[in-house]
Amino acid sequence: MAGGEGEKPRIGVFVCHCGTNIAGVVDVKKVVEEVSKLPGVVHAEDYVYMCSQIGQQKIIDAIREKKLNGVVVAACTPSLHGETFAKAVEHGGLSRHRYEFVSIREYVSWVHWHDRKKATEKAIREIAAAVAKLADNKVYEPIRRAVKKKALVIGGGIAGMTAAVDLANAGIPVVLVEKSPTIGGRMIQLSMTFPTLDCAQCTITPKMAEVANHPNIKLYTLSEVIDVEGHVGNYKVKILQHPRMVDIDECRLCGFCERACPVEVPNEFNRGLGKRKAIYLPFAQAVPSAYVIDAEHCTRCGLCVRACPVDAINLDEKERIIEEEVGSIIVATGFDIYPPENLPEYGYGIYKDVVDALQFEQMIVPSGPTRGRIVRLSDGKPAKTVVFIQCAGSRDVNHLPYCSKICCMYTAKQAMLYKMKVPDGKAYIFYIDVRAAGKGYEEFYKKAQMTPGIHYVRGRVSRVYREPGDDRLTVEGVDTLSGKLVKIKADLVVLAVGIVPRLDPELASKLKIAVDEYGFAQEVHPKLKPVETEVGGVFVAGAVQGPKDISESVAQASAAAAKAMQLLVKDYVEKEPLIAEVDEERCDGCGICASTCPYEAIKIENGKAHVTPILCEGCGMCVSACPVGAMELRNLTDKQITNMVKAIARWP
Amino acid sequence: MDMDGFVEEVVRISGRNPYLCYQCGMCSAVCPVAQYMDILPHQIIRLVQMGDPAVLESDAIWVCISCMACVDRCPRDVGPGIIIDALRQFKLRRGAEKYDYFQVPELGEAPSLALVAASRKLTG
Amino acid sequence: MSGERDVLVIGFLSRWCAGIAAETAGVNRIKYSPNIVFINLPCVSRLNPSHVVDAFLNGIDGVLIGGCLPPGNCHYKTGNFKAFKRMYLLKKLMAQFGVEPERVKMDWFVTPQYEKIARVADSFVEEIRRLGPVMSRGEA
Amino acid sequence: MAKALLYYPGCSVKRNSPWYEKSALAVLEALGYRVKELDKWYCCGATISLAADDVIRHLGAIRSLIQAEKEGEALGTNEMLTVCPMCYNVLARVNNLLKRDREKLETAARYLRDENLEKYSLSTRVIHVVQVLHREREKLGELVKRRLDGVRVAAYYGCTLVRPKDVAVDNPESPRVMEEILRSVGIETVEYPFKTLCCGAYHSVYRKNIAVANSGLILTDAAARGADIMVTVCPLCHYNLELAYRSMARKPGIRVMYLTDLLAYVMGLDDALSPETRSFLDKLREARRELVATPGGGNS
Ligand SMILES: Cc1cc2nc3c(=O)[nH]c(=O)nc-3n(C[C@H](O)[C@H](O)[C@H](O)COP(=O)(O)OP(=O)(O)OC[C@H]3O[C@@H](n4cnc5c(N)ncnc54)[C@H](O)[C@@H]3O)c2cc1C
Ligand SMILES: Cc1cc2nc3c(=O)[nH]c(=O)nc-3n(C[C@H](O)[C@H](O)[C@H](O)COP(=O)(O)OP(=O)(O)OC[C@H]3O[C@@H](n4cnc5c(N)ncnc54)[C@H](O)[C@@H]3O)c2cc1C
Ligand code: SF4
Ligand code: SF4
Ligand code: SF4
Ligand code: SF4
Ligand code: SF4
Ligand code: SF4
Ligand code: SF4
Ligand code: SF4
């Protein structure tokens, strides 16, 4: 590969129009004209779509024909096409270190559309800075780091399980960490699922069994990731496992302990509609298939210990910390529903007959707290009229400004399932818009609309209350289409609550992944990198990244697994060699740099500082800390920064 | 009465953006006096969006009592009650008055604040 | 350019949160003053106070330093905190160079705060306009 | 330590509800407050001007806020007490408006400069008597002299105490402060869904039918749930509820009174009560006491 070192700079500048995205604001012809005059520039051209095949070929041709030893591309952003042009430059026979990307779209045309003249000037300044920097860029060999061929999946819902099984099937060992006592996530709480109306448990339990039995999957339940160290290909994680107090291998599911236990608490599995003991089996198909003690409510009375025929219970079990080394991490911690308590106007928490959508799912399940009967929870009488309130908390600046995406569909589903159970019942669905964009979704919605007894009412409910002496609820609202105020007597009101991410800020900050303004995990690019995070080797899957139904969660999980595989099938990752470098002549071994480095990448040996390449992340903190200027950051030296500043200031 | 540009003026007086409204109907549902209106609050906002001056002739804009129920609950923070007040202002600033002191039967008995409020709302 | 020249500001951004916030501002077409030119660094802790001084000597009128939020939790663990301490000292020293300390501004951003970056850029450029050009810039 | 409050009376309490003022001030005094009426105050306007381009109609409120700031210094308080929730609403909203919108403050200052009023430094905190009672509810409990066992009370909030959100004294959708105050003095409360439904406000002088209908619904619903008394803190709500009551053919067994009347009664502050209120409560108390004392006695 031809370098540029020592030679006189022969730099080519390529300015992209991006259709009118850039050229509509920046005067690209003027840019080309001006940058041609910059010292070291021997070639400059513009093209309508630089990232197209033709655009890339222009770069390759120019490198060859004009004997360029440096390339500056001024276009969108490095996160979008940085790699595209790096490849093209390499194709042309230059090192990628002889190329600089300048963002004149996101940083110029898209933010300065109100001032074309100044936008053009700014584009020129930016290019001038890159040209100035490029003159001193050196070529370095990449640093290689061995890859730990193992993956960590956080969260054992449908997304996490899918990702884990995909990886495991590809022969990659997987560590699956689940916070609750069982895997299954939200999906195991559901009755039937749209758009096919098949049984959620029947779909998900084979997947759970696969996880339980897969030789390549190590499952830690009641566990949390408490520490993450390292980098793409090489992460050290610490996992805290809370005591289960029941031996998974010994427990025979006889249930004697449960009968003996005197402590009863609301059952979270059906959102408090039923009760469970302090020692309990979360649900029949739980994985691992063993009882568990709820440490928070257990009084340590010991009755269960005496009842257990196989001595499976150990009340003194302690939490433990497990360390694992993995090459990649997939975050799939899912979602929670928006707390219905925040909507007191709908009577949740005041009237028993107002339930949230997850509770309603549990009422439909034959094994659920109402044995599959749709009844008034206040008196057990059949629910002949049910009102569903969509967008309960969603699309509302007072609650969640975004659309939760799944509630239109699950409400249509719930209304249809209700009608199957109560053929003479009436269902009213209050909605703003019905969002049914998906394969088979419109058809599903249509089916709900056509079901006799289901009435879609386009409007909002203002309040739900019980009139004195009435055993039903009064629902007041409006039908915007007829312009009439409506009042419905209902036996049951179901709140189609929105969904919120379940991403512990602490976990996010340990992983160093970004979250969006609502707390959902932030992908790198909504279209082109939807499962990648800013952190190398860390991917996201499922509802933690944004509202999603099961199909989408599964698709994204498989995508995340594929991305992890791409990384884990390699023997090593190549690392940018743009790290810190010591000038041994100048270094006097003071050690300030070593104490500054957050990665312990610097050691003082024989009175001189030494950088361990594999550890250095290239932050440059040590460089600016060194009192004698002995430390430099490759291709971002003090001289280069100063030259960039000068170039910006100099033009015109 | 010259209606040209009435939407712009209503937007300016209210300081609110009627185009944010997605016609959910929450304002009409919560309005404590909606059943006395000839058109409902969400329809008032719709007519403003469409620039239809018929909205100024509705009785509903005089029925609204600025109770702020819709303003607090509107999921798009449109402030329907504030826009309705601006519609009244638009008319009042052009001389319309909705309130005749001589109509009041129990002037002596009602608390002064009822009279002050009514005259502010209905006579500008 | 004739008469009093307009001001020119450089913004050094950490390329993680702050840089992505600036990029996101672009994706969302949030307009801000073109008088600011950004230079992305791996981390604002790469910045040496001398670079800032250099900038003023070369006629740059203001320097904005955009790190990641919150201090102490940067992509490189402690980088933003270290940068903060350095720039704090620098601001104290600046008066001695005869440059108003207000010409240096440090702020913190997280990715979703893309509107903040535009707001800060605008208000900083305005502030620098109030202070006026630092000195005449070299000819082309 | 004597706690002090600056008192903004407003037009209606003085003119239409002297007994409300009396009982409110008596209860506050019993709680150890020094309540000083502002030397000068200006009409708040009863309803805030919602026009974004309006300043003139806020001037009355601004003048009062400034006056409170001035007088507060000597008294060592920045709290301006209101008992009428409409005054509370207007004053608190104007205060917030000024805090949010400096330009408005400056425009107002331009008008006010002519009158030699200094610029307002935004330190006044507008507070409603319900907020004071709520924060002192433990102490209230200690001051109880009479019990009202068996008496059930519905609290009515209306609009202006809870809307808009930025001046709400409690969660606007399900306020509880009055119930908590009542329970702290041992009074049983009744839940009903219309405690923040508008009573009809000024429509009682313009479209009386609306005020009568809304207030009537509020009253009958609470009565049907077993409330003996409906308490309010607003002279206009009080008027409308009574208006509705008078116009009802079948009268529900419920009596409207001010929250502070009831408190004054249980605290034994008899001088602060109108003779009618006092005799009504005496009788009710007797009746309920017998009921509670009779074994097996219950609802008949
Ligand atoms: C009422 C309702 C009805 C629905 N009906 C349907 C339907 O009919 N069809 C359909 O397609 N979709 C439906 N959905 C949506 C469906 O539930 C979701 O798409 C799906 O559950 C998302 O899966 P997930 O794995 O991303 O998240 P989850 O199911 O939430 O799983 C996340 C898992 O991560 C675990 N976890 C959380 N935090 C941590 C942590 N810090 N460490 C370790 N583990 C952690 C959780 O315990 C959980 O097991 C419905 C949703 C609701 C609310
Ligand atoms: C008007 C319009 C506006 C849109 N705007 C947006 C937008 O703003 N944002 C957004 O996210 N999405 C947008 N989309 C959707 C977006 O275009 C699609 O999601 C995307 O193009 C789908 O990509 P694809 O690769 O699946 O299919 P395609 O883009 O259709 O690519 C399929 C390729 O396969 C080739 N092909 C077909 N048959 C054969 C064969 N038998 N053998 C070999 N090759 C074959 C075709 O020639 C084609 O090149 C828009 C779509 C339309 C129509
Ligand atoms: S390189 Fe970037 S700026 Fe140019 S056409 Fe492609 S996307 Fe647009
Ligand atoms: S008694 Fe023992 S074996 Fe039986 S379910 Fe309980 S823990 Fe398991
Ligand atoms: S020790 Fe705990 S789990 Fe066991 S019976 Fe007692 S309370 Fe229940
Ligand atoms: S999916 Fe439907 S119900 Fe859910 S928030 Fe969106 S529009 Fe509302
Ligand atoms: S700070 Fe500089 S001089 Fe000191 S040891 Fe590090 S490189 Fe050497
Ligand atoms: S550049 Fe950063 S990671 Fe590398 S040695 Fe210096 S301080 Fe450490
Ligand atoms: S509540 Fe708001 S968004 Fe809904 S119809 Fe009324 S004004 Fe429009
Ligand atoms: S402000 Fe007017 S329109 Fe809005 S709820 Fe109150 S009375 Fe109805």
# chains A, B, ... in the order shown; residues from 1 in each chain; ligands from 1
>>> residues_near_ligand(ligand="ligand 7", cutoff="7 Å", atoms="only C-alpha atoms and all ligand atoms", output="list in words")
Val582, Arg586, Cys587, Asp588, Gly589, Cys590, Gly591, Ile592, Cys593, Ala594, Ile604, Lys608, Ala609, Cys622, Ala625, Cys626, Pro627, Val628, Gly629, Ala630 and Met631 of chain A
>>> write_last_selection(atoms="all heavy atoms", output="short mmCIF file (atom, residue, chain, number, x, y, z; two decimals), in the first residue's frame")
data_model
loop_
_atom_site.label_atom_id
_atom_site.label_comp_id
_atom_site.auth_asym_id
_atom_site.auth_seq_id
_atom_site.Cartn_x
_atom_site.Cartn_y
_atom_site.Cartn_z
N VAL A 582 4.58 7.24 22.56
CA VAL A 582 5.52 8.01 23.39
C VAL A 582 6.75 8.40 22.58
O VAL A 582 7.29 7.59 21.83
CB VAL A 582 5.99 7.17 24.60
CG1 VAL A 582 6.80 8.02 25.56
CG2 VAL A 582 4.80 6.54 25.29
N ARG A 586 11.85 12.55 24.62
CA ARG A 586 11.37 13.63 25.48
C ARG A 586 10.89 13.12 26.84
O ARG A 586 10.95 13.85 27.82
CB ARG A 586 10.19 14.33 24.82
CG ARG A 586 10.59 15.18 23.65
CD ARG A 586 9.43 16.08 23.34
NE ARG A 586 9.64 16.79 22.10
CZ ARG A 586 8.75 17.62 21.59
NH1 ARG A 586 7.60 17.79 22.20
NH2 ARG A 586 9.00 18.25 20.48
N CYS A 587 10.36 11.92 26.88
CA CYS A 587 9.73 11.43 28.10
C CYS A 587 10.72 11.37 29.25
O CYS A 587 11.83 10.85 29.09
CB CYS A 587 9.12 10.05 27.85
SG CYS A 587 8.54 9.27 29.36
N ASP A 588 10.34 11.92 30.40
CA ASP A 588 11.23 11.81 31.55
C ASP A 588 10.66 10.88 32.61
O ASP A 588 11.11 10.87 33.75
CB ASP A 588 11.57 13.19 32.12
CG ASP A 588 10.33 13.93 32.59
OD1 ASP A 588 9.26 13.27 32.73
OD2 ASP A 588 10.40 15.15 32.81
N GLY A 589 9.64 10.13 32.25
CA GLY A 589 9.15 9.08 33.15
C GLY A 589 8.39 9.57 34.36
O GLY A 589 8.29 8.88 35.37
N CYS A 590 7.82 10.75 34.26
CA CYS A 590 7.15 11.31 35.44
C CYS A 590 5.91 10.50 35.85
O CYS A 590 5.51 10.51 36.99
CB CYS A 590 6.75 12.75 35.18
SG CYS A 590 5.40 12.90 33.99
N GLY A 591 5.28 9.83 34.88
CA GLY A 591 4.15 8.95 35.22
C GLY A 591 2.81 9.63 35.28
O GLY A 591 1.80 8.98 35.60
N ILE A 592 2.75 10.91 34.97
CA ILE A 592 1.46 11.60 35.00
C ILE A 592 0.48 10.96 34.02
O ILE A 592 -0.71 10.73 34.32
CB ILE A 592 1.64 13.10 34.67
CG1 ILE A 592 2.41 13.77 35.82
CG2 ILE A 592 0.29 13.79 34.46
CD1 ILE A 592 2.74 15.22 35.58
N CYS A 593 1.01 10.61 32.84
CA CYS A 593 0.15 9.99 31.83
C CYS A 593 -0.45 8.69 32.36
O CYS A 593 -1.63 8.42 32.16
CB CYS A 593 0.94 9.73 30.55
SG CYS A 593 2.42 8.76 30.83
N ALA A 594 0.39 7.90 33.00
CA ALA A 594 -0.07 6.59 33.49
C ALA A 594 -1.21 6.77 34.48
O ALA A 594 -2.19 6.02 34.47
CB ALA A 594 1.08 5.84 34.11
N ILE A 604 5.21 2.55 33.30
CA ILE A 604 6.52 3.20 33.27
C ILE A 604 7.57 2.10 33.45
O ILE A 604 7.58 1.40 34.46
CB ILE A 604 6.66 4.24 34.39
CG1 ILE A 604 5.48 5.23 34.38
CG2 ILE A 604 8.00 4.97 34.28
CD1 ILE A 604 5.39 6.14 33.18
N LYS A 608 10.75 5.24 31.37
CA LYS A 608 10.04 5.77 30.21
C LYS A 608 8.61 5.21 30.21
O LYS A 608 8.36 4.10 30.69
CB LYS A 608 10.71 5.33 28.90
CG LYS A 608 12.14 5.78 28.75
CD LYS A 608 12.21 7.26 28.40
CE LYS A 608 13.66 7.73 28.42
NZ LYS A 608 13.81 9.18 28.45
N ALA A 609 7.71 5.99 29.61
CA ALA A 609 6.34 5.51 29.50
C ALA A 609 6.21 4.55 28.32
O ALA A 609 6.86 4.73 27.29
CB ALA A 609 5.39 6.69 29.29
N CYS A 622 -4.05 11.23 27.99
CA CYS A 622 -2.67 11.27 28.44
C CYS A 622 -1.88 12.32 27.67
O CYS A 622 -0.98 12.94 28.20
CB CYS A 622 -2.01 9.89 28.25
SG CYS A 622 -2.12 9.30 26.55
N ALA A 625 -2.20 15.55 29.03
CA ALA A 625 -1.72 15.61 30.42
C ALA A 625 -0.20 15.71 30.49
O ALA A 625 0.35 16.24 31.46
CB ALA A 625 -2.19 14.36 31.17
N CYS A 626 0.49 15.21 29.50
CA CYS A 626 1.96 15.16 29.58
C CYS A 626 2.56 16.56 29.65
O CYS A 626 2.32 17.38 28.78
CB CYS A 626 2.52 14.41 28.37
SG CYS A 626 4.33 14.45 28.35
N PRO A 627 3.33 16.81 30.69
CA PRO A 627 3.85 18.17 30.87
C PRO A 627 4.96 18.54 29.88
O PRO A 627 5.23 19.71 29.68
CB PRO A 627 4.38 18.18 32.31
CG PRO A 627 4.61 16.75 32.65
CD PRO A 627 3.67 15.93 31.82
N VAL A 628 5.60 17.54 29.25
CA VAL A 628 6.71 17.88 28.36
C VAL A 628 6.39 17.59 26.90
O VAL A 628 7.25 17.65 26.04
CB VAL A 628 8.01 17.14 28.77
CG1 VAL A 628 8.43 17.53 30.17
CG2 VAL A 628 7.85 15.62 28.66
N GLY A 629 5.13 17.25 26.63
CA GLY A 629 4.75 17.02 25.24
C GLY A 629 5.37 15.78 24.65
O GLY A 629 5.64 15.70 23.45
N ALA A 630 5.64 14.77 25.48
CA ALA A 630 6.27 13.55 24.98
C ALA A 630 5.24 12.57 24.45
O ALA A 630 5.60 11.63 23.75
CB ALA A 630 7.07 12.88 26.10
N MET A 631 3.99 12.79 24.74
CA MET A 631 2.96 11.86 24.32
C MET A 631 2.23 12.46 23.13
O MET A 631 1.98 13.66 23.09
CB MET A 631 2.01 11.62 25.50
CG MET A 631 1.12 10.41 25.40
SD MET A 631 1.98 8.85 25.32
CE MET A 631 1.96 8.32 27.01
#
>>> interface_residues(of="chain A", to="chain C", cutoff="7 Å", atoms="only C-alpha atoms", output="PyMOL selection string")
chain A and resi 106-107+110-112+118-119+122+512+516-517+598+619-621+623-624+642+645-646+649-652
>>> residues_around(residues="Phe85 in chain A", least_positions_apart="4", cutoff="10 Å", atoms="only C-alpha atoms", output="PyMOL selection string")
chain A and resi 50-51+55-56+59-60+71-73+78+81+89-91+96+99-101
>>> residues_around(residues="Gln23 in chain B", least_positions_apart="6", cutoff="8 Å", atoms="only C-alpha atoms", output="short mmCIF file (atom, residue, chain, number, x, y, z; two decimals) with N, CA and C atoms, in the first residue's frame")
data_model
loop_
_atom_site.label_atom_id
_atom_site.label_comp_id
_atom_site.auth_asym_id
_atom_site.auth_seq_id
_atom_site.Cartn_x
_atom_site.Cartn_y
_atom_site.Cartn_z
N ILE A 432 -58.24 6.71 18.86
CA ILE A 432 -57.97 7.96 18.15
C ILE A 432 -57.74 7.66 16.67
N THR A 480 -66.32 11.33 18.17
CA THR A 480 -66.00 12.53 17.37
C THR A 480 -66.63 12.45 15.98
N HIS B 42 -63.89 20.07 20.21
CA HIS B 42 -62.96 19.58 19.18
C HIS B 42 -63.39 20.05 17.80
N ARG B 46 -61.35 22.20 15.05
CA ARG B 46 -61.30 21.77 13.65
C ARG B 46 -61.64 22.92 12.71
#
>>> residues_near_ligand(ligand="ligand 2", cutoff="10 Å", atoms="only C-alpha atoms and all ligand atoms", output="PyMOL selection string")
chain A and resi 526-528
>>> residues_near_ligand(ligand="ligand 6", cutoff="9 Å", atoms="only C-alpha atoms and all ligand atoms", output="MDAnalysis selection string")
chainID A and resid 389:396 400 402:411 431:436 496:499
>>> residues_near_ligand(ligand="ligand 5", cutoff="8 Å", atoms="only C-alpha atoms and all ligand atoms", output="compact mmCIF listing (two decimals) with N, CA and C atoms, in the first residue's frame")
# COMPACT_ATOMS: atom_id res chain seq x y z
N CYS A 257 -44.05 -27.47 50.03
CA CYS A 257 -43.52 -26.25 50.65
C CYS A 257 -44.55 -25.12 50.54
N GLU A 258 -45.12 -25.02 49.35
CA GLU A 258 -46.05 -23.94 49.08
C GLU A 258 -47.25 -24.03 50.03
N ALA A 260 -47.27 -25.34 52.90
CA ALA A 260 -46.84 -25.07 54.28
C ALA A 260 -46.62 -23.58 54.54
N CYS A 261 -46.29 -22.86 53.51
CA CYS A 261 -45.88 -21.46 53.71
C CYS A 261 -47.05 -20.60 54.16
N PRO A 262 -46.88 -19.84 55.24
CA PRO A 262 -47.97 -19.01 55.76
C PRO A 262 -48.06 -17.62 55.09
N VAL A 263 -47.10 -17.28 54.27
CA VAL A 263 -47.07 -15.90 53.75
C VAL A 263 -47.73 -15.84 52.38
N LYS A 277 -47.74 -17.71 47.35
CA LYS A 277 -47.03 -17.78 48.62
C LYS A 277 -45.64 -17.18 48.48
N ALA A 278 -44.93 -17.12 49.60
CA ALA A 278 -43.55 -16.61 49.56
C ALA A 278 -42.64 -17.63 48.89
N ILE A 279 -43.00 -18.90 48.95
CA ILE A 279 -42.31 -19.89 48.13
C ILE A 279 -43.31 -20.30 47.06
N ILE A 293 -37.95 -18.95 46.38
CA ILE A 293 -38.40 -18.18 47.54
C ILE A 293 -38.23 -16.70 47.26
N ASP A 294 -39.27 -16.00 47.54
CA ASP A 294 -39.27 -14.55 47.37
C ASP A 294 -38.66 -13.96 48.64
N ALA A 295 -37.38 -13.61 48.54
CA ALA A 295 -36.62 -13.23 49.73
C ALA A 295 -37.22 -12.02 50.43
N HIS A 297 -40.37 -11.20 50.87
CA HIS A 297 -41.53 -11.46 51.72
C HIS A 297 -41.37 -12.64 52.66
N CYS A 298 -40.42 -13.52 52.41
CA CYS A 298 -40.21 -14.69 53.27
C CYS A 298 -39.82 -14.24 54.67
N THR A 299 -40.44 -14.84 55.67
CA THR A 299 -40.14 -14.47 57.06
C THR A 299 -39.10 -15.40 57.68
N ARG A 300 -38.56 -16.30 56.88
CA ARG A 300 -37.58 -17.28 57.36
C ARG A 300 -38.15 -18.16 58.49
N CYS A 301 -39.45 -18.47 58.40
CA CYS A 301 -40.06 -19.25 59.48
C CYS A 301 -39.62 -20.71 59.44
N GLY A 302 -39.24 -21.18 58.27
CA GLY A 302 -38.70 -22.54 58.18
C GLY A 302 -39.72 -23.63 57.95
N LEU A 303 -41.00 -23.27 57.85
CA LEU A 303 -42.03 -24.30 57.66
C LEU A 303 -41.83 -25.07 56.35
N CYS A 304 -41.42 -24.34 55.31
CA CYS A 304 -41.24 -25.00 54.03
C CYS A 304 -40.08 -26.00 54.09
N VAL A 305 -39.05 -25.63 54.82
CA VAL A 305 -37.88 -26.52 54.92
C VAL A 305 -38.32 -27.86 55.50
N LEU A 315 -32.44 -21.97 53.36
CA LEU A 315 -32.76 -20.57 53.64
C LEU A 315 -31.52 -19.71 53.83
>>> closest_atom_pairs(of="chain A", to="chain D", cutoff="12 Å", atoms="only C-alpha atoms", output="CSV")
residue,atom,partner,partner_atom,distance
A:Glu341,CA,D:Ser174,CA,10.9
A:Asn342,CA,D:Glu173,CA,9.5
A:Leu343,CA,D:Glu173,CA,8.0
A:Pro344,CA,D:Glu173,CA,6.2
A:Glu345,CA,D:Glu173,CA,5.8
A:Tyr346,CA,D:Glu173,CA,9.5
A:Gly347,CA,D:Pro193,CA,9.4
A:Tyr348,CA,D:Ser174,CA,11.5
A:Gly349,CA,D:Ser174,CA,11.7
A:Ile350,CA,D:Glu191,CA,10.0
A:Tyr351,CA,D:Pro193,CA,11.7
A:Asn398,CA,D:Lys165,CA,10.4
A:Ser462,CA,D:Glu173,CA,10.5
A:Arg463,CA,D:Pro193,CA,8.5
A:Val464,CA,D:Pro193,CA,8.4
A:Tyr465,CA,D:Pro193,CA,6.1
A:Arg466,CA,D:Pro193,CA,7.9
A:Glu467,CA,D:Asp221,CA,7.5
A:Pro468,CA,D:Arg225,CA,5.9
A:Gly469,CA,D:Ala224,CA,8.1
A:Asp470,CA,D:Arg225,CA,11.0
A:Leu473,CA,D:Pro193,CA,11.5
A:Thr474,CA,D:Pro193,CA,10.5
A:Val475,CA,D:Pro193,CA,11.6
A:Glu476,CA,D:Pro193,CA,11.7
>>> select_by_dssp(residues="range 16-204 of chain D", states="alpha helix (DSSP H)", output="MDAnalysis selection string")
chainID D and resid 16 18:30 59:75 85:100 102:113 129:135 137:142 177:184
>>> residues_near_ligand(ligand="ligand 4", cutoff="12 Å", atoms="only C-alpha atoms and all ligand atoms", output="ChimeraX atom specification")
/A:244-261,277-282,284,288-293,302-315
>>> residues_near_ligand(ligand="ligand 3", cutoff="7 Å", atoms="only C-alpha atoms and all ligand atoms", output="list in words")
Cys16, His17, Cys18, Gly19, Ile22, Val48, Tyr49, Met50, Cys51, Ser52, Ala75, Cys76, Thr77, Leu80, His81 and Arg105 of chain A
>>> write_last_selection(atoms="N, CA, C and O atoms", output="compact mmCIF listing (two decimals), in the first residue's frame")
# COMPACT_ATOMS: atom_id res chain seq x y z
N CYS A 16 -19.64 15.92 -2.49
CA CYS A 16 -20.88 15.25 -2.87
C CYS A 16 -22.06 16.21 -2.86
O CYS A 16 -22.16 17.09 -1.99
N HIS A 17 -22.95 16.07 -3.83
CA HIS A 17 -24.18 16.89 -3.83
C HIS A 17 -25.26 16.27 -2.95
O HIS A 17 -26.15 16.95 -2.49
N CYS A 18 -25.20 14.96 -2.85
CA CYS A 18 -26.30 14.20 -2.23
C CYS A 18 -27.63 14.64 -2.84
O CYS A 18 -28.55 15.04 -2.14
N GLY A 19 -27.71 14.54 -4.14
CA GLY A 19 -28.90 15.07 -4.82
C GLY A 19 -28.98 16.56 -4.55
O GLY A 19 -28.04 17.30 -4.89
N ILE A 22 -27.27 18.36 -0.24
CA ILE A 22 -26.14 19.26 0.01
C ILE A 22 -26.16 20.40 -1.00
O ILE A 22 -26.15 21.58 -0.65
N VAL A 48 -22.88 14.04 -8.05
CA VAL A 48 -24.23 14.10 -7.50
C VAL A 48 -24.46 13.08 -6.37
O VAL A 48 -25.01 13.41 -5.33
N TYR A 49 -23.98 11.87 -6.53
CA TYR A 49 -24.07 10.88 -5.45
C TYR A 49 -22.72 10.20 -5.30
O TYR A 49 -22.45 9.21 -5.97
N MET A 50 -21.93 10.69 -4.41
CA MET A 50 -20.56 10.20 -4.26
C MET A 50 -20.54 8.74 -3.81
O MET A 50 -19.63 7.99 -4.13
N CYS A 51 -21.54 8.32 -3.07
CA CYS A 51 -21.52 6.97 -2.53
C CYS A 51 -21.94 5.93 -3.56
O CYS A 51 -21.84 4.73 -3.34
N SER A 52 -22.44 6.39 -4.72
CA SER A 52 -22.84 5.43 -5.75
C SER A 52 -21.61 4.75 -6.32
O SER A 52 -20.47 5.19 -6.10
N ALA A 75 -19.11 14.91 2.42
CA ALA A 75 -20.42 14.35 2.09
C ALA A 75 -21.29 14.32 3.35
O ALA A 75 -21.28 15.27 4.12
N CYS A 76 -21.99 13.21 3.55
CA CYS A 76 -22.95 13.11 4.66
C CYS A 76 -22.25 13.04 6.02
O CYS A 76 -21.85 14.06 6.56
N THR A 77 -22.13 11.85 6.59
CA THR A 77 -21.39 11.73 7.84
C THR A 77 -20.61 10.43 7.82
O THR A 77 -20.98 9.48 7.13
N LEU A 80 -22.45 7.22 8.38
CA LEU A 80 -23.22 6.63 7.29
C LEU A 80 -22.29 6.02 6.23
O LEU A 80 -22.42 4.85 5.90
N HIS A 81 -21.38 6.83 5.70
CA HIS A 81 -20.59 6.35 4.56
C HIS A 81 -19.09 6.41 4.78
O HIS A 81 -18.32 6.31 3.82
N ARG A 105 -23.12 17.60 5.21
CA ARG A 105 -24.57 17.47 5.14
C ARG A 105 -25.14 17.70 6.56
O ARG A 105 -25.69 18.75 6.85
